[in-house]
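Listing of input_15.cif; format and content: mmCIF, C-alpha atoms.
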```
data_final
loop_
_atom_site.label_atom_id
_atom_site.label_comp_id
_atom_site.auth_asym_id
_atom_site.auth_seq_id
_atom_site.Cartn_x
_atom_site.Cartn_y
_atom_site.Cartn_z
CA MET C 1 12.16 25.52 13.62
CA GLU C 2 9.07 25.02 15.72
CA LEU C 3 7.02 21.88 15.21
CA ALA C 4 3.50 21.70 16.66
CA ILE C 5 1.96 18.28 16.91
CA LEU C 6 -1.75 18.73 17.48
CA GLY C 7 -3.33 15.70 19.08
CA GLY C 8 0.14 15.18 20.46
CA THR C 9 -1.23 13.21 23.40
CA GLY C 10 -2.52 10.46 21.08
CA ASP C 11 -0.50 7.50 19.91
CA ILE C 12 0.88 8.72 16.58
CA GLY C 13 1.37 12.18 18.10
CA GLU C 14 3.37 10.68 20.93
CA GLY C 15 5.68 8.86 18.53
CA LEU C 16 6.30 11.92 16.40
CA ALA C 17 6.88 14.15 19.44
CA VAL C 18 9.46 11.91 21.12
CA ARG C 19 11.21 11.08 17.86
CA TYR C 20 11.49 14.71 16.76
CA ALA C 21 12.73 15.64 20.20
CA ALA C 22 15.23 12.76 20.19
CA ASP C 23 16.50 13.09 16.62
CA THR C 24 16.39 16.82 15.85
CA ASP C 25 16.93 20.23 17.38
CA HIS C 26 13.49 21.50 16.45
CA ARG C 27 11.37 23.00 19.18
CA VAL C 28 8.57 20.50 19.77
CA VAL C 29 5.17 21.57 21.09
CA ILE C 30 2.36 19.13 21.57
CA GLY C 31 -1.20 20.37 21.40
CA SER C 32 -4.35 18.95 22.91
CA ARG C 33 -7.90 20.18 23.36
CA LYS C 34 -6.97 20.94 26.96
CA ALA C 35 -3.69 22.73 27.61
CA GLU C 36 -3.30 21.04 30.98
CA LYS C 37 -3.40 17.57 29.44
CA ALA C 38 -0.82 18.60 26.85
CA VAL C 39 1.50 20.00 29.52
CA ASP C 40 1.17 16.80 31.59
CA ARG C 41 1.91 14.55 28.65
CA ALA C 42 4.81 16.73 27.50
CA GLY C 43 6.31 16.14 30.94
CA ASP C 44 5.83 12.38 30.54
CA TYR C 45 7.58 12.47 27.16
CA GLU C 46 10.46 14.45 28.63
CA GLU C 47 10.86 11.80 31.34
CA ARG C 48 10.90 9.01 28.77
CA LEU C 49 13.54 10.87 26.79
CA ALA C 50 15.55 11.40 29.99
CA ASP C 51 15.38 7.63 30.60
CA HIS C 52 17.15 7.31 27.25
CA GLY C 53 19.74 9.86 28.25
CA ILE C 54 18.18 12.61 26.18
CA ASP C 55 17.73 15.99 27.82
CA ARG C 56 15.10 17.80 25.79
CA ASP C 57 12.21 20.16 26.45
CA ILE C 58 8.83 19.35 25.01
CA GLU C 59 6.15 21.95 25.49
CA GLY C 60 2.43 21.45 25.87
CA ALA C 61 -0.36 23.84 24.92
CA ALA C 62 -3.94 24.04 23.74
CA ASN C 63 -4.11 23.09 20.04
CA ALA C 64 -4.68 26.67 18.85
CA ASP C 65 -1.80 28.05 20.92
CA ALA C 66 0.50 25.27 19.77
CA ALA C 67 -0.38 25.91 16.13
CA ALA C 68 -0.16 29.70 16.34
CA GLY C 69 3.57 29.87 16.96
CA ALA C 70 4.64 26.94 14.83
CA ASP C 71 6.34 26.70 11.46
CA VAL C 72 4.99 23.21 10.84
CA VAL C 73 1.70 21.87 12.22
CA VAL C 74 1.14 18.11 12.23
CA LEU C 75 -2.51 17.14 12.62
CA ALA C 76 -2.18 13.92 14.64
CA ILE C 77 -5.91 14.04 15.25
CA PRO C 78 -8.52 11.29 14.73
CA PRO C 79 -9.87 11.43 11.15
CA HIS C 80 -13.40 12.31 12.19
CA HIS C 81 -12.24 15.41 14.08
CA VAL C 82 -9.45 16.68 11.88
CA ALA C 83 -11.64 18.61 9.42
CA ASP C 84 -13.45 20.47 12.21
CA THR C 85 -10.18 21.20 13.98
CA VAL C 86 -8.71 22.72 10.82
CA ALA C 87 -11.88 24.72 10.15
CA ASP C 88 -11.85 26.02 13.74
CA LEU C 89 -8.19 26.98 13.57
CA ALA C 90 -8.79 28.70 10.24
CA GLU C 91 -11.75 30.62 11.67
CA GLU C 92 -9.73 31.67 14.70
CA GLY C 93 -7.11 33.08 12.34
CA VAL C 94 -4.47 30.77 13.75
CA LEU C 95 -3.48 29.28 10.41
CA ASP C 96 -1.80 31.73 8.10
CA ASP C 97 1.65 30.74 6.94
CA GLN C 98 2.36 27.40 8.61
CA LEU C 99 3.01 24.23 6.71
CA VAL C 100 0.24 21.79 7.66
CA VAL C 101 0.91 18.04 7.57
CA SER C 102 -1.91 15.49 7.73
CA PRO C 103 -1.19 11.91 8.87
CA ALA C 104 -4.82 10.83 9.58
CA VAL C 105 -6.58 7.97 7.79
CA GLY C 106 -10.28 7.08 7.73
CA MET C 107 -10.78 3.40 8.47
CA GLN C 108 -13.59 1.10 9.50
CA GLY C 109 -13.16 -2.32 11.04
CA ASP C 110 -15.22 -5.46 10.69
CA ALA C 111 -14.65 -9.13 11.50
CA ASP C 112 -12.27 -9.51 8.55
CA GLY C 113 -10.03 -6.55 9.15
CA LEU C 114 -9.68 -2.82 8.65
CA HIS C 115 -10.96 -1.16 5.52
CA TYR C 116 -10.06 2.19 4.00
CA ARG C 117 -12.97 4.60 4.21
CA PRO C 118 -12.02 7.99 2.83
CA PRO C 119 -14.24 11.06 3.08
CA LYS C 120 -16.17 12.04 -0.06
CA VAL C 121 -13.49 14.44 -1.25
CA GLY C 122 -11.21 11.42 -1.73
CA SER C 123 -8.86 11.36 1.26
CA VAL C 124 -8.44 12.92 4.68
CA THR C 125 -5.42 14.79 3.36
CA GLU C 126 -7.53 16.45 0.67
CA LEU C 127 -10.26 17.20 3.22
CA VAL C 128 -7.69 19.04 5.34
CA ALA C 129 -6.62 21.03 2.28
CA GLU C 130 -10.26 21.87 1.55
CA ARG C 131 -10.84 23.21 5.07
CA ALA C 132 -7.54 25.06 5.37
CA PRO C 133 -7.35 28.75 4.42
CA ASP C 134 -6.64 29.34 0.72
CA GLY C 135 -2.98 29.30 -0.09
CA LEU C 136 -1.88 27.47 3.06
CA ALA C 137 0.68 24.76 2.32
CA VAL C 138 -0.86 21.35 3.02
CA ALA C 139 0.87 18.00 2.74
CA GLY C 140 0.13 14.42 3.72
CA ALA C 141 2.77 12.31 5.45
CA PHE C 142 3.38 9.86 8.32
CA HIS C 143 0.15 7.99 7.46
CA ASN C 144 1.41 4.47 7.75
CA LEU C 145 3.89 4.48 10.57
CA ALA C 146 2.97 1.98 13.26
CA ALA C 147 2.31 4.10 16.34
CA ASP C 148 3.81 1.74 18.91
CA ARG C 149 6.97 1.24 16.87
CA LEU C 150 7.29 4.98 16.36
CA ALA C 151 6.82 5.74 20.05
CA ASN C 152 9.28 3.07 21.16
CA LEU C 153 12.68 4.73 21.14
CA ASP C 154 14.35 1.33 21.39
CA ALA C 155 12.75 0.13 18.16
CA ASP C 156 14.53 0.47 14.85
CA LEU C 157 12.15 2.00 12.35
CA ASP C 158 13.74 1.27 8.97
CA VAL C 159 10.49 2.16 7.20
CA ASP C 160 9.34 4.48 4.47
CA THR C 161 6.76 7.21 4.66
CA LEU C 162 5.07 8.70 1.61
CA VAL C 163 4.59 12.41 1.11
CA VAL C 164 1.92 14.06 -1.01
CA ALA C 165 1.55 17.79 -1.70
CA ASP C 166 0.46 19.78 -4.72
CA ASP C 167 3.41 22.12 -4.62
CA GLU C 168 6.68 20.36 -5.33
CA SER C 169 8.68 22.58 -2.98
CA VAL C 170 6.22 21.87 -0.16
CA ARG C 171 6.52 18.18 -0.88
CA GLN C 172 10.31 18.42 -0.73
CA GLN C 173 10.17 20.38 2.51
CA VAL C 174 8.09 17.64 4.17
CA ILE C 175 10.32 14.93 2.70
CA ASP C 176 13.32 16.68 4.25
CA LEU C 177 11.48 17.04 7.56
CA ALA C 178 10.51 13.35 7.64
CA ASN C 179 14.01 12.26 6.65
CA GLU C 180 15.33 13.95 9.79
CA LEU C 181 13.90 11.08 11.83
CA ASP C 182 16.38 8.20 12.18
CA GLY C 183 15.19 5.12 10.33
CA ILE C 184 12.57 6.90 8.26
CA ARG C 185 12.99 7.39 4.54
CA ALA C 186 10.49 9.74 2.95
CA LEU C 187 9.41 9.22 -0.64
CA ALA C 188 7.32 11.46 -2.87
CA ALA C 189 3.95 10.12 -3.97
CA GLY C 190 2.86 13.15 -5.98
CA PRO C 191 0.06 15.69 -5.56
CA LEU C 192 -2.74 15.53 -3.00
CA SER C 193 -4.98 13.70 -5.47
CA ASN C 194 -2.68 10.70 -4.97
CA ALA C 195 -3.30 10.70 -1.20
CA ALA C 196 -5.99 7.99 -1.17
CA GLU C 197 -3.58 5.28 -2.30
CA VAL C 198 -1.10 6.45 0.34
CA GLU C 199 -3.67 6.49 3.16
CA SER C 200 -4.98 3.09 2.09
CA VAL C 201 -1.70 1.46 3.13
CA THR C 202 -2.54 2.06 6.79
CA PRO C 203 -5.42 -0.46 7.08
CA LEU C 204 -3.38 -2.81 4.88
CA VAL C 205 -0.35 -2.95 7.19
CA ILE C 206 -2.66 -3.53 10.16
CA ASN C 207 -4.30 -6.42 8.29
CA VAL C 208 -0.89 -7.83 7.39
CA ALA C 209 0.12 -7.71 11.07
CA ARG C 210 -3.07 -9.54 11.99
CA TYR C 211 -2.83 -12.35 9.45
CA ASN C 212 0.86 -13.20 9.63
CA GLU C 213 2.54 -14.76 12.64
CA ASP C 214 5.39 -12.84 14.19
CA MET C 215 4.55 -9.61 12.38
CA HIS C 216 3.65 -6.67 14.60
CA ASP C 217 3.64 -2.92 14.09
CA VAL C 218 4.22 -3.50 10.41
CA GLY C 219 5.92 -0.88 8.27
CA VAL C 220 6.49 -0.78 4.56
CA THR C 221 9.47 -0.21 2.30
CA PHE C 222 9.46 0.57 -1.41
CA HIS C 223 12.36 -0.49 -3.61
CA MET H 1 0.76 -29.41 -10.95
CA GLU H 2 -0.57 -27.56 -13.97
CA LEU H 3 -0.67 -23.81 -13.90
CA ALA H 4 -2.72 -21.94 -16.50
CA ILE H 5 -1.99 -18.26 -16.93
CA LEU H 6 -4.86 -16.73 -18.85
CA GLY H 7 -3.86 -13.53 -20.57
CA GLY H 8 -0.42 -15.07 -20.53
CA THR H 9 0.66 -13.02 -23.51
CA GLY H 10 0.28 -9.77 -21.53
CA ASP H 11 2.97 -8.22 -19.38
CA ILE H 12 2.15 -9.63 -15.95
CA GLY H 13 1.24 -12.96 -17.55
CA GLU H 14 4.61 -13.08 -19.26
CA GLY H 15 6.45 -12.51 -16.01
CA LEU H 16 4.51 -15.18 -14.14
CA ALA H 17 4.91 -17.68 -16.98
CA VAL H 18 8.67 -17.35 -17.34
CA ARG H 19 9.25 -17.23 -13.59
CA TYR H 20 7.13 -20.32 -12.88
CA ALA H 21 8.86 -22.13 -15.71
CA ALA H 22 12.28 -21.04 -14.46
CA ASP H 23 11.77 -21.60 -10.73
CA THR H 24 9.41 -24.60 -10.47
CA ASP H 25 8.58 -27.92 -12.08
CA HIS H 26 4.93 -27.04 -12.62
CA ARG H 27 3.54 -27.49 -16.08
CA VAL H 28 2.93 -23.95 -17.38
CA VAL H 29 0.26 -23.18 -19.97
CA ILE H 30 -0.42 -19.68 -21.17
CA GLY H 31 -3.86 -18.83 -22.46
CA SER H 32 -4.95 -16.13 -24.84
CA ARG H 33 -8.15 -15.32 -26.70
CA LYS H 34 -6.53 -16.86 -29.78
CA ALA H 35 -4.75 -20.19 -29.38
CA GLU H 36 -2.30 -19.32 -32.15
CA LYS H 37 -1.10 -16.19 -30.39
CA ALA H 38 -0.62 -18.14 -27.15
CA VAL H 39 1.38 -20.85 -28.93
CA ASP H 40 3.59 -18.23 -30.59
CA ARG H 41 4.29 -16.40 -27.36
CA ALA H 42 4.92 -19.64 -25.48
CA GLY H 43 7.63 -20.33 -28.06
CA ASP H 44 9.11 -16.87 -27.43
CA TYR H 45 9.15 -17.49 -23.67
CA GLU H 46 10.85 -20.88 -24.20
CA GLU H 47 13.55 -19.14 -26.24
CA ARG H 48 14.12 -16.54 -23.55
CA LEU H 49 14.42 -19.29 -20.97
CA ALA H 50 16.84 -21.16 -23.24
CA ASP H 51 18.93 -17.97 -23.45
CA HIS H 52 19.23 -18.26 -19.67
CA GLY H 53 20.22 -21.90 -19.94
CA ILE H 54 16.81 -23.14 -18.89
CA ASP H 55 15.27 -25.93 -20.95
CA ARG H 56 11.57 -25.83 -20.24
CA ASP H 57 8.36 -26.36 -22.19
CA ILE H 58 5.66 -23.71 -22.01
CA GLU H 59 2.41 -24.52 -23.72
CA GLY H 60 -0.01 -22.17 -25.41
CA ALA H 61 -3.77 -22.60 -25.80
CA ALA H 62 -7.04 -20.71 -26.03
CA ASN H 63 -8.02 -19.42 -22.58
CA ALA H 64 -10.80 -21.98 -22.10
CA ASP H 65 -8.57 -24.90 -23.09
CA ALA H 66 -5.75 -23.67 -20.88
CA ALA H 67 -8.11 -23.33 -17.91
CA ALA H 68 -9.88 -26.65 -18.46
CA GLY H 69 -6.90 -28.85 -17.66
CA ALA H 70 -5.30 -26.73 -14.98
CA ASP H 71 -5.11 -27.06 -11.22
CA VAL H 72 -4.53 -23.35 -10.75
CA VAL H 73 -5.82 -20.63 -13.09
CA VAL H 74 -4.25 -17.18 -12.87
CA LEU H 75 -6.37 -14.46 -14.47
CA ALA H 76 -3.67 -12.15 -15.85
CA ILE H 77 -6.34 -10.33 -17.80
CA PRO H 78 -7.07 -6.58 -17.97
CA PRO H 79 -9.49 -5.59 -15.18
CA HIS H 80 -12.27 -4.56 -17.55
CA HIS H 81 -12.34 -7.99 -19.20
CA VAL H 82 -11.71 -10.29 -16.29
CA ALA H 83 -15.29 -10.48 -15.04
CA ASP H 84 -16.64 -11.40 -18.48
CA THR H 85 -13.89 -13.95 -18.99
CA VAL H 86 -14.74 -15.64 -15.69
CA ALA H 87 -18.46 -15.57 -16.48
CA ASP H 88 -17.80 -17.07 -19.93
CA LEU H 89 -15.59 -19.81 -18.53
CA ALA H 90 -18.19 -20.57 -15.86
CA GLU H 91 -20.95 -20.77 -18.47
CA GLU H 92 -18.85 -23.06 -20.66
CA GLY H 93 -18.46 -25.36 -17.68
CA VAL H 94 -14.69 -24.99 -17.76
CA LEU H 95 -14.35 -23.89 -14.14
CA ASP H 96 -15.25 -26.59 -11.68
CA ASP H 97 -12.51 -27.46 -9.22
CA GLN H 98 -9.59 -25.22 -10.12
CA LEU H 99 -8.11 -22.69 -7.78
CA VAL H 100 -8.58 -19.28 -9.40
CA VAL H 101 -6.11 -16.48 -8.65
CA SER H 102 -6.84 -12.86 -9.55
CA PRO H 103 -3.99 -10.35 -9.95
CA ALA H 104 -5.91 -7.60 -11.82
CA VAL H 105 -6.40 -4.07 -10.49
CA GLY H 106 -8.75 -1.34 -11.69
CA MET H 107 -6.91 1.93 -12.17
CA GLN H 108 -7.44 5.23 -13.89
CA GLY H 109 -4.74 7.71 -14.77
CA ASP H 110 -4.78 11.48 -14.87
CA ALA H 111 -2.10 14.17 -14.99
CA ASP H 112 -1.18 13.56 -11.34
CA GLY H 113 -0.81 9.80 -11.41
CA LEU H 114 -2.70 6.54 -11.23
CA HIS H 115 -5.71 6.18 -8.99
CA TYR H 116 -7.37 3.07 -7.63
CA ARG H 117 -10.79 2.57 -9.18
CA PRO H 118 -12.38 -0.64 -7.91
CA PRO H 119 -15.60 -2.06 -9.30
CA LYS H 120 -18.77 -1.52 -7.23
CA VAL H 121 -18.43 -4.84 -5.40
CA GLY H 122 -15.27 -3.45 -3.78
CA SER H 123 -12.34 -4.98 -5.67
CA VAL H 124 -11.58 -6.89 -8.86
CA THR H 125 -10.76 -9.93 -6.73
CA GLU H 126 -14.25 -9.89 -5.20
CA LEU H 127 -15.77 -9.36 -8.65
CA VAL H 128 -14.01 -12.50 -9.87
CA ALA H 129 -15.38 -14.41 -6.87
CA GLU H 130 -18.87 -13.09 -7.62
CA ARG H 131 -18.74 -14.29 -11.24
CA ALA H 132 -17.08 -17.64 -10.51
CA PRO H 133 -19.25 -20.73 -9.97
CA ASP H 134 -20.39 -21.20 -6.36
CA GLY H 135 -17.87 -23.04 -4.27
CA LEU H 136 -14.90 -22.42 -6.56
CA ALA H 137 -11.78 -21.44 -4.65
CA VAL H 138 -10.90 -17.82 -5.47
CA ALA H 139 -7.89 -15.89 -4.21
CA GLY H 140 -6.20 -12.59 -4.98
CA ALA H 141 -2.42 -12.43 -5.37
CA PHE H 142 0.39 -11.01 -7.52
CA HIS H 143 -1.38 -7.63 -7.71
CA ASN H 144 1.56 -5.37 -7.12
CA LEU H 145 4.48 -7.01 -8.82
CA ALA H 146 6.10 -4.72 -11.36
CA ALA H 147 5.60 -6.49 -14.68
CA ASP H 148 8.96 -5.59 -16.25
CA ARG H 149 10.88 -6.61 -13.16
CA LEU H 150 8.96 -9.87 -12.96
CA ALA H 151 9.55 -10.67 -16.64
CA ASN H 152 13.26 -9.85 -16.46
CA LEU H 153 14.95 -13.05 -15.37
CA ASP H 154 18.13 -11.12 -14.60
CA ALA H 155 16.35 -8.92 -12.08
CA ASP H 156 16.31 -9.78 -8.39
CA LEU H 157 12.78 -9.51 -7.14
CA ASP H 158 13.11 -9.37 -3.34
CA VAL H 159 9.51 -8.19 -3.02
CA ASP H 160 6.39 -9.24 -1.17
CA THR H 161 3.04 -10.17 -2.61
CA LEU H 162 -0.16 -10.18 -0.57
CA VAL H 163 -2.68 -12.99 -0.71
CA VAL H 164 -6.39 -12.74 0.08
CA ALA H 165 -8.89 -15.59 0.18
CA ASP H 166 -11.89 -16.34 2.34
CA ASP H 167 -10.83 -19.89 3.07
CA GLU H 168 -7.67 -20.08 5.13
CA SER H 169 -6.47 -23.27 3.44
CA VAL H 170 -6.93 -21.67 0.00
CA ARG H 171 -5.00 -18.65 1.20
CA GLN H 172 -2.19 -20.87 2.42
CA GLN H 173 -2.13 -22.83 -0.85
CA VAL H 174 -1.66 -19.59 -2.82
CA ILE H 175 0.94 -18.34 -0.36
CA ASP H 176 2.88 -21.57 -0.88
CA LEU H 177 2.50 -21.26 -4.65
CA ALA H 178 3.75 -17.66 -4.67
CA ASN H 179 6.64 -18.49 -2.35
CA GLU H 180 7.91 -20.96 -4.95
CA LEU H 181 9.10 -18.01 -7.02
CA ASP H 182 12.63 -16.95 -6.13
CA GLY H 183 12.68 -13.54 -4.51
CA ILE H 184 8.98 -13.40 -3.75
CA ARG H 185 7.66 -13.62 -0.23
CA ALA H 186 3.92 -14.09 0.06
CA LEU H 187 2.05 -12.68 3.05
CA ALA H 188 -1.54 -13.20 4.07
CA ALA H 189 -3.83 -10.16 4.01
CA GLY H 190 -7.00 -11.93 5.14
CA PRO H 191 -10.34 -12.61 3.42
CA LEU H 192 -11.46 -11.27 0.04
CA SER H 193 -13.09 -8.27 1.70
CA ASN H 194 -9.57 -7.01 2.41
CA ALA H 195 -8.65 -7.11 -1.29
CA ALA H 196 -9.24 -3.41 -2.01
CA GLU H 197 -6.39 -2.29 0.24
CA VAL H 198 -4.14 -4.88 -1.43
CA GLU H 199 -5.07 -3.86 -4.97
CA SER H 200 -4.67 -0.19 -4.10
CA VAL H 201 -0.92 -0.67 -3.67
CA THR H 202 -0.54 -1.13 -7.44
CA PRO H 203 -1.27 2.47 -8.48
CA LEU H 204 0.72 3.60 -5.44
CA VAL H 205 3.95 1.85 -6.44
CA ILE H 206 3.58 3.23 -9.96
CA ASN H 207 3.17 6.74 -8.52
CA VAL H 208 6.19 6.22 -6.28
CA ALA H 209 8.26 5.17 -9.30
CA ARG H 210 7.13 8.29 -11.13
CA TYR H 211 7.86 10.82 -8.39
CA ASN H 212 11.21 9.55 -7.11
CA GLU H 213 14.41 9.63 -9.08
CA ASP H 214 16.15 6.34 -9.66
CA MET H 215 13.11 4.28 -8.67
CA HIS H 216 11.69 2.04 -11.37
CA ASP H 217 9.51 -1.06 -11.34
CA VAL H 218 8.92 -0.45 -7.65
CA GLY H 219 8.05 -3.33 -5.35
CA VAL H 220 7.07 -3.33 -1.73
CA THR H 221 8.10 -5.21 1.39
CA PHE H 222 6.39 -5.35 4.77
CA HIS H 223 8.38 -5.72 7.97
#
```

Could you write out this structure as structure tokens?
Amino acid sequence: MELAILGGTGDIGEGLAVRYAADTDHRVVIGSRKAEKAVDRAGDYEERLADHGIDRDIEGAANADAAAGADVVVLAIPPHHVADTVADLAEEGVLDDQLVVSPAVGMQGDADGLHYRPPKVGSVTELVAERAPDGLAVAGAFHNLAADRLANLDADLDVDTLVVADDESVRQQVIDLANELDGIRALAAGPLSNAAEVESVTPLVINVARYNEDMHDVGVTFH
Amino acid sequence: MELAILGGTGDIGEGLAVRYAADTDHRVVIGSRKAEKAVDRAGDYEERLADHGIDRDIEGAANADAAAGADVVVLAIPPHHVADTVADLAEEGVLDDQLVVSPAVGMQGDADGLHYRPPKVGSVTELVAERAPDGLAVAGAFHNLAADRLANLDADLDVDTLVVADDESVRQQVIDLANELDGIRALAAGPLSNAAEVESVTPLVINVARYNEDMHDVGVTFH
């Protein structure tokens, strides 16, 4: 399977790319607005994997090229750009039968902490679904994984991620995909209309890390 | 210390009352709109504790009477009534130097699941603070404890609760109070303006219980 991580040069993209390369046999392609940057970073990720004794290729490409050949497209793109990126990819005819996964969360910070600020449609995940071509499979996942912990191959994850999708088989497919990462347990959180409560955990875990001593890169477990 | 649990005949109130009676030496008073109902239920709780070999008094009183003599007042009241209850208690002069703790969450259900629906001020916790007399210590806590699990003295909790309060010493006082319950770890989530992200976990854990087999009365831990 080919996994494209758009915005794969950013922090959450980096973590997903190196983890999928380390833990699975999927072909991993990172996308960026500039192909050259993606290729450079892919090389960096390969070196980091090699430092851990893992010999794996990671490819780099412009976002549209990365998405075009992929089975699964993860939109590891800042929340304010993700809707336009999806609309552009749709217009370019790049998105047709991929499974699209949205991990982005709209947040705003003030002196007290980070606050959840979803777009008007209710959540970034639903905004992605709105902008994607009709019938494309869209899911939300990986929202509240701490980027540094994810990118650090020496760190044990032992965290849950929540998956939302309207179609139950799509949801299960993304749960299976997420469960392939060591230390991640994926749980279903229902249809896309339940995405806001899932996304809202991201500012919360950052606030929890801020207000409690000795807690960093906080993850969450449900039980 | 005297702990008044208003709405102590409801599900979350029941759990807090029996747990505080079982795990601490605090005097526990449950309040209800009708004193008689509170007294009856307090007797039921005492019997349940006795069944577990625990000999403890729980008192019952009308909400205002329960609050008047308490050091800490927990508002285990449905979200749509809590603001009026606080305003009434304030008007009656019952609230002056207690520490008020709000566990209520505004939610709305549809076919897909439960959704977080805060009041306009941002969260129920902030609404309570708005209606409370100026200078009264207000905190949010106990929002996302599964009521049945809390009320079942045979159940291990092993869950976290998140505490918000503007004043750091108030926050710490409520953290210490929550930590007195066996199996609960209290974490700070910052000032009241961070309450929405805390409250939003409640519909989420209910959705997670619904969409995952073998998960019931779901709690959450941060790590």

Return as JSON lines the residues of chain C lying at most 9 Å from chain H, together with the closest atom-to-atom pair for each and the distance in Å to one decimal, counting all atoms listed in the file, with rows in chain order and ascending residue number.
```
{"residue": "C:Asp112", "atom": "CA", "partner": "H:Pro191", "partner_atom": "CA", "distance": 6.3}
{"residue": "C:Gly113", "atom": "CA", "partner": "H:Asn194", "partner_atom": "CA", "distance": 6.8}
{"residue": "C:Leu114", "atom": "CA", "partner": "H:Asn194", "partner_atom": "CA", "distance": 7.5}
{"residue": "C:His115", "atom": "CA", "partner": "H:Asn194", "partner_atom": "CA", "distance": 6.8}
{"residue": "C:Tyr116", "atom": "CA", "partner": "H:Glu197", "partner_atom": "CA", "distance": 6.9}
{"residue": "C:Asp158", "atom": "CA", "partner": "H:His223", "partner_atom": "CA", "distance": 8.9}
{"residue": "C:Val159", "atom": "CA", "partner": "H:His223", "partner_atom": "CA", "distance": 8.2}
{"residue": "C:Leu162", "atom": "CA", "partner": "H:Val208", "partner_atom": "CA", "distance": 8.3}
{"residue": "C:Leu187", "atom": "CA", "partner": "H:Asn212", "partner_atom": "CA", "distance": 6.7}
{"residue": "C:Ala188", "atom": "CA", "partner": "H:Tyr211", "partner_atom": "CA", "distance": 5.6}
{"residue": "C:Ala189", "atom": "CA", "partner": "H:Val208", "partner_atom": "CA", "distance": 5.1}
{"residue": "C:Gly190", "atom": "CA", "partner": "H:Tyr211", "partner_atom": "CA", "distance": 6.0}
{"residue": "C:Pro191", "atom": "CA", "partner": "H:Asp112", "partner_atom": "CA", "distance": 6.3}
{"residue": "C:Leu192", "atom": "CA", "partner": "H:Asp112", "partner_atom": "CA", "distance": 8.7}
{"residue": "C:Ser193", "atom": "CA", "partner": "H:Asp112", "partner_atom": "CA", "distance": 7.0}
{"residue": "C:Asn194", "atom": "CA", "partner": "H:His115", "partner_atom": "CA", "distance": 6.8}
{"residue": "C:Ala196", "atom": "CA", "partner": "H:His115", "partner_atom": "CA", "distance": 8.0}
{"residue": "C:Glu197", "atom": "CA", "partner": "H:Leu204", "partner_atom": "CA", "distance": 5.6}
{"residue": "C:Val198", "atom": "CA", "partner": "H:Leu204", "partner_atom": "CA", "distance": 6.7}
{"residue": "C:Ser200", "atom": "CA", "partner": "H:Glu197", "partner_atom": "CA", "distance": 5.9}
{"residue": "C:Val201", "atom": "CA", "partner": "H:Glu197", "partner_atom": "CA", "distance": 6.7}
{"residue": "C:Thr202", "atom": "CA", "partner": "H:Glu197", "partner_atom": "CA", "distance": 8.8}
{"residue": "C:Pro203", "atom": "CA", "partner": "H:Glu197", "partner_atom": "CA", "distance": 7.1}
{"residue": "C:Leu204", "atom": "CA", "partner": "H:Glu197", "partner_atom": "CA", "distance": 5.6}
{"residue": "C:Val205", "atom": "CA", "partner": "H:Phe222", "partner_atom": "CA", "distance": 7.6}
{"residue": "C:Asn207", "atom": "CA", "partner": "H:Ala189", "partner_atom": "CA", "distance": 5.7}
{"residue": "C:Val208", "atom": "CA", "partner": "H:Ala189", "partner_atom": "CA", "distance": 5.0}
{"residue": "C:Ala209", "atom": "CA", "partner": "H:Ala189", "partner_atom": "CA", "distance": 8.5}
{"residue": "C:Arg210", "atom": "CA", "partner": "H:Ala189", "partner_atom": "CA", "distance": 8.0}
{"residue": "C:Tyr211", "atom": "CA", "partner": "H:Ala188", "partner_atom": "CA", "distance": 5.6}
{"residue": "C:Asn212", "atom": "CA", "partner": "H:Ala188", "partner_atom": "CA", "distance": 6.1}
{"residue": "C:Met215", "atom": "CA", "partner": "H:His223", "partner_atom": "CA", "distance": 7.0}
{"residue": "C:His216", "atom": "CA", "partner": "H:His223", "partner_atom": "CA", "distance": 8.2}
{"residue": "C:Asp217", "atom": "CA", "partner": "H:His223", "partner_atom": "CA", "distance": 8.2}
{"residue": "C:Val218", "atom": "CA", "partner": "H:His223", "partner_atom": "CA", "distance": 5.3}
{"residue": "C:Gly219", "atom": "CA", "partner": "H:His223", "partner_atom": "CA", "distance": 5.4}
{"residue": "C:Val220", "atom": "CA", "partner": "H:Phe222", "partner_atom": "CA", "distance": 4.6}
{"residue": "C:Thr221", "atom": "CA", "partner": "H:Thr221", "partner_atom": "CA", "distance": 5.3}
{"residue": "C:Phe222", "atom": "CA", "partner": "H:Val220", "partner_atom": "CA", "distance": 4.6}
{"residue": "C:His223", "atom": "CA", "partner": "H:Val218", "partner_atom": "CA", "distance": 5.3}
```

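Here CA of Val39 in chain H is placed at a distance of 29.5 Å from CA of Met107 in chain H.
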
>> On this structure, the PyMOL selection byres ((chain H and resi 100) around 7) would catch which residues? List them as a PyMOL selection string, sorted by chain and number.
In response: chain H and resi 72-74+98-99+101-102+137-139

The selected residues should be written to file as a PDB file, in the frame of the given file (atoms: C-alpha atoms).
```
ATOM      1  CA  VAL H  72      -4.530 -23.350 -10.750  1.00  0.00           C
ATOM      2  CA  VAL H  73      -5.820 -20.630 -13.090  1.00  0.00           C
ATOM      3  CA  VAL H  74      -4.250 -17.180 -12.870  1.00  0.00           C
ATOM      4  CA  GLN H  98      -9.590 -25.220 -10.120  1.00  0.00           C
ATOM      5  CA  LEU H  99      -8.110 -22.690  -7.780  1.00  0.00           C
ATOM      6  CA  VAL H 101      -6.110 -16.480  -8.650  1.00  0.00           C
ATOM      7  CA  SER H 102      -6.840 -12.860  -9.550  1.00  0.00           C
ATOM      8  CA  ALA H 137     -11.780 -21.440  -4.650  1.00  0.00           C
ATOM      9  CA  VAL H 138     -10.900 -17.820  -5.470  1.00  0.00           C
ATOM     10  CA  ALA H 139      -7.890 -15.890  -4.210  1.00  0.00           C
TER      11      ALA H 139
END
```
